[in-house]
Amino acid sequence: MRKRSFNLHKIIEKRVLTDSTFVLRMERNGLDFVAGQHIQVGPPNGIHTREYSIYSGPADDYIEILVREVEDGLVTPALKKLDVEDGVVINDAVGYFTIEKEVTAGLPFLFVASGTGISPFHSFVKQYEGLDYQVLHGVRLAEESYEREEYESGRYIACTSQDEKGDFHGRVTDYLIANPVNSDTLCYLCGNCDMIHDVFDILEKQGVKSENILTEVYF
Ligand SMILES: Cc1cc2nc3c(=O)[nH]c(=O)nc-3n(C[C@H](O)[C@H](O)[C@H](O)COP(=O)(O)OP(=O)(O)OC[C@H]3O[C@@H](n4cnc5c(N)ncnc54)[C@H](O)[C@@H]3O)c2cc1C
């Protein structure tokens, strides 16, 4: 297959979700991917790019990413300044944090995210209709429950550590200790490495086999 290098994609929509978090929708321009994969994205003419999980579904005729600005970061403040009609550079989608084969097993999925780590799960839910899943989303504030209406009622649980306006007050780890999973659950963990490490330990103690726990570390 032809190797795709960085191409310029025009931004066609920008959704500001909180002071620091936004969704950029870009022209698709033939970019092929499977839900769960990520792309490198950077400002036009910029020499720096960063990885972003694809937030949109493969059937959409656009590409979306969900970005949280990191103060003093090299790339995110520049992406935040961009708007509709600006371009970003994007390369091929890569990665193995996918559920293509696993959906055929018919087992329930548990998706555990911190912050923007919800992005690949949003794409899964868009790609696979009728998926049996539960999303646990660890955020500080309920306002960071990014576009929660996109998930089927009852399947999305916001675990808020700094306010009581979510579905559960506490971290995802507290939720899992209070609500153990069935050991036959397929568990996908995405976000910061501390959360992933702690959740992995809890799930193993609850009897989930390590080969049924997949991880995608952002930082
Ligand atoms: C496979 C993969 C997929 C990713 N998908 C996404 C995504 O969908 N959305 C998204 O927003 N980010 C995602 N990231 C993180 C992203 O690639 C960048 O690291 C992040 O946007 C910061 O880039 P920056 O250039 O602004 O900061 P940098 O200059 O690279 O980093 C500054 C510092 O901030 C830390 N940092 C990085 N991300 C965060 C964060 N979210 N919160 C706090 N500190 C952070 C870094 O460890 C570093 O120490 C992903 C990372 C990987 C590896």
# chains A, B, ... in the order shown; residues from 1 in each chain; ligands from 1
call {"tool": "select_by_dssp", "arguments": {"residues": "region 85-137 of chain A", "states": "strand (DSSP E)", "output": "JSON, numbers by chain"}}
result
{"A": [87, 88, 89, 90, 109, 110, 111, 112, 113, 114, 133, 134, 135, 136, 137]}
call {"tool": "residues_near_ligand", "arguments": {"ligand": "ligand 1", "cutoff": "8 Å", "atoms": "only C-alpha atoms and all ligand atoms", "output": "VMD selection string"}}
result
chain A and resid 21 37 to 40 48 to 55 65 to 78 95 115 to 120 191 to 192 216 to 219
call {"tool": "write_last_selection", "arguments": {"atoms": "N, CA and C atoms", "output": "short mmCIF file (atom, residue, chain, number, x, y, z; two decimals), in the first residue's frame"}}
result
data_model
loop_
_atom_site.label_atom_id
_atom_site.label_comp_id
_atom_site.auth_asym_id
_atom_site.auth_seq_id
_atom_site.Cartn_x
_atom_site.Cartn_y
_atom_site.Cartn_z
N THR A 21 -10.27 22.62 26.28
CA THR A 21 -10.47 21.45 25.42
C THR A 21 -11.37 21.76 24.23
N GLN A 37 -7.34 3.96 16.21
CA GLN A 37 -6.00 4.34 15.73
C GLN A 37 -5.74 5.84 15.97
N HIS A 38 -4.48 6.23 15.85
CA HIS A 38 -4.14 7.63 16.04
C HIS A 38 -3.33 8.17 14.87
N ILE A 39 -3.30 9.51 14.80
CA ILE A 39 -2.57 10.20 13.73
C ILE A 39 -1.62 11.21 14.37
N GLN A 40 -0.63 11.63 13.60
CA GLN A 40 0.23 12.74 14.01
C GLN A 40 -0.38 14.00 13.43
N HIS A 48 6.75 20.68 14.39
CA HIS A 48 6.39 19.77 15.46
C HIS A 48 5.00 19.19 15.25
N THR A 49 4.86 17.90 15.51
CA THR A 49 3.55 17.25 15.47
C THR A 49 3.43 16.41 16.74
N ARG A 50 2.19 16.04 17.07
CA ARG A 50 1.95 15.16 18.22
C ARG A 50 0.91 14.12 17.81
N GLU A 51 0.87 13.02 18.57
CA GLU A 51 -0.12 11.96 18.29
C GLU A 51 -1.49 12.36 18.85
N TYR A 52 -2.54 12.08 18.09
CA TYR A 52 -3.91 12.26 18.56
C TYR A 52 -4.76 11.08 18.11
N SER A 53 -5.47 10.46 19.05
CA SER A 53 -6.42 9.42 18.69
C SER A 53 -7.51 10.05 17.84
N ILE A 54 -8.03 9.31 16.90
CA ILE A 54 -9.11 9.85 16.06
C ILE A 54 -10.43 9.73 16.82
N TYR A 55 -11.11 10.84 16.94
CA TYR A 55 -12.35 10.95 17.74
C TYR A 55 -13.58 10.58 16.91
N ILE A 65 -10.40 15.30 15.97
CA ILE A 65 -9.57 14.99 17.14
C ILE A 65 -10.07 15.83 18.31
N LEU A 66 -9.90 15.27 19.51
CA LEU A 66 -10.27 15.96 20.75
C LEU A 66 -8.97 16.34 21.44
N VAL A 67 -8.77 17.62 21.66
CA VAL A 67 -7.46 18.10 22.16
C VAL A 67 -7.63 18.88 23.45
N ARG A 68 -6.74 18.59 24.40
CA ARG A 68 -6.67 19.42 25.60
C ARG A 68 -5.39 20.24 25.53
N GLU A 69 -5.52 21.53 25.71
CA GLU A 69 -4.32 22.39 25.67
C GLU A 69 -3.47 22.15 26.91
N VAL A 70 -2.19 21.90 26.68
CA VAL A 70 -1.22 21.79 27.77
C VAL A 70 -0.50 23.13 27.83
N GLU A 71 -0.66 23.84 28.93
CA GLU A 71 0.01 25.14 29.06
C GLU A 71 1.51 24.92 28.91
N ASP A 72 2.15 25.78 28.17
CA ASP A 72 3.59 25.67 27.88
C ASP A 72 3.92 24.50 26.97
N GLY A 73 2.94 23.82 26.45
CA GLY A 73 3.18 22.74 25.49
C GLY A 73 3.64 23.32 24.17
N LEU A 74 4.29 22.50 23.36
CA LEU A 74 4.82 22.97 22.08
C LEU A 74 3.72 23.04 21.01
N VAL A 75 2.84 22.04 20.97
CA VAL A 75 1.89 21.92 19.87
C VAL A 75 0.47 22.38 20.23
N THR A 76 -0.03 22.02 21.41
CA THR A 76 -1.46 22.29 21.69
C THR A 76 -1.82 23.78 21.73
N PRO A 77 -0.98 24.68 22.27
CA PRO A 77 -1.37 26.10 22.21
C PRO A 77 -1.49 26.58 20.76
N ALA A 78 -0.63 26.05 19.87
CA ALA A 78 -0.69 26.44 18.44
C ALA A 78 -1.96 25.88 17.79
N GLY A 95 -1.61 2.23 14.73
CA GLY A 95 -1.91 1.80 16.10
C GLY A 95 -2.74 0.53 16.17
N GLY A 115 -9.47 12.02 31.07
CA GLY A 115 -9.44 13.20 30.22
C GLY A 115 -9.74 12.92 28.76
N THR A 116 -8.85 13.40 27.87
CA THR A 116 -9.07 13.20 26.43
C THR A 116 -8.86 11.75 25.99
N GLY A 117 -8.48 10.89 26.92
CA GLY A 117 -8.37 9.45 26.63
C GLY A 117 -9.71 8.81 26.26
N ILE A 118 -10.76 9.59 26.33
CA ILE A 118 -12.09 9.13 25.90
C ILE A 118 -12.16 9.02 24.36
N SER A 119 -11.23 9.67 23.68
CA SER A 119 -11.32 9.82 22.23
C SER A 119 -11.48 8.50 21.44
N PRO A 120 -10.61 7.49 21.64
CA PRO A 120 -10.79 6.26 20.86
C PRO A 120 -12.11 5.56 21.17
N GLY A 191 -5.22 6.92 28.46
CA GLY A 191 -5.01 8.22 29.10
C GLY A 191 -3.65 8.29 29.76
N ASN A 192 -3.60 8.88 30.95
CA ASN A 192 -2.28 9.06 31.59
C ASN A 192 -1.81 7.77 32.25
N GLU A 216 -3.51 2.22 26.12
CA GLU A 216 -2.95 3.27 25.24
C GLU A 216 -2.53 4.42 26.14
N VAL A 217 -1.21 4.61 26.27
CA VAL A 217 -0.69 5.64 27.18
C VAL A 217 -0.46 6.94 26.42
N TYR A 218 -1.05 8.03 26.91
CA TYR A 218 -0.89 9.35 26.26
C TYR A 218 0.35 10.07 26.77
N PHE A 219 0.56 10.06 28.08
CA PHE A 219 1.73 10.76 28.64
C PHE A 219 2.02 10.24 30.03
#
call {"tool": "select_by_dssp", "arguments": {"residues": "region 57-158 of chain A", "states": "alpha helix (DSSP H)", "output": "PDB file with C-alpha atoms, in the first residue's frame"}}
result
ATOM      1  CA  THR A  76      -1.455  22.288  21.688  1.00  0.00           C
ATOM      2  CA  PRO A  77      -1.367  26.097  22.207  1.00  0.00           C
ATOM      3  CA  ALA A  78      -0.693  26.441  18.444  1.00  0.00           C
ATOM      4  CA  LEU A  79      -3.559  24.044  17.573  1.00  0.00           C
ATOM      5  CA  LYS A  80      -5.879  25.981  19.893  1.00  0.00           C
ATOM      6  CA  LYS A  81      -5.238  29.205  17.976  1.00  0.00           C
ATOM      7  CA  SER A 119     -11.325   9.824  22.227  1.00  0.00           C
ATOM      8  CA  PRO A 120     -10.787   6.259  20.859  1.00  0.00           C
ATOM      9  CA  PHE A 121     -13.874   5.065  22.784  1.00  0.00           C
ATOM     10  CA  HIS A 122     -15.974   7.747  21.098  1.00  0.00           C
ATOM     11  CA  SER A 123     -14.749   6.365  17.770  1.00  0.00           C
ATOM     12  CA  PHE A 124     -15.512   2.739  18.824  1.00  0.00           C
ATOM     13  CA  VAL A 125     -19.067   3.659  19.756  1.00  0.00           C
ATOM     14  CA  LYS A 126     -19.536   5.412  16.413  1.00  0.00           C
ATOM     15  CA  GLN A 127     -18.110   2.479  14.406  1.00  0.00           C
TER      16      GLN A 127
END
call {"tool": "closest_residue", "arguments": {"among": "A:Glu152, A:Glu143, A:Glu204, A:Glu85", "to": "Asp184 (chain A)", "atoms": "only C-alpha atoms"}}
result
A:Glu204
call {"tool": "atom_distance", "arguments": {"atom1": "CA of Asp92 (chain A)", "atom2": "CA of Leu24 (chain A)"}}
result
17.2 Å
call {"tool": "closest_residue", "arguments": {"among": "A:Glu211, A:Asp132, A:Glu64, A:Asp167", "to": "Ser183 (chain A)", "atoms": "only C-alpha atoms"}}
result
A:Glu211
call {"tool": "residues_around", "arguments": {"residues": "Glu144 (chain A)", "least_positions_apart": "4", "cutoff": "8 Å", "atoms": "only C-alpha atoms", "output": "list in words"}}
result
Leu17, Thr18, Gly115, Val139 and Arg140 of chain A
call {"tool": "closest_residue", "arguments": {"among": "A:Gly138, A:Gly154, A:Pro43, A:Gly207", "to": "Thr173 (chain A)", "atoms": "only C-alpha atoms"}}
result
A:Gly138
call {"tool": "closest_residue", "arguments": {"among": "A:Phe6, A:Ser210, A:Thr98, A:Cys193", "to": "Gly46 (chain A)", "atoms": "only C-alpha atoms"}}
result
A:Phe6
call {"tool": "residues_around", "arguments": {"residues": "Glu13 (chain A)", "least_positions_apart": "4", "cutoff": "8 Å", "atoms": "only C-alpha atoms", "output": "number ranges by chain"}}
result
A: 24-26, 83-84
call {"tool": "atom_distance", "arguments": {"atom1": "CA of Leu8 (chain A)", "atom2": "CA of Ile90 (chain A)"}}
result
6.5 Å
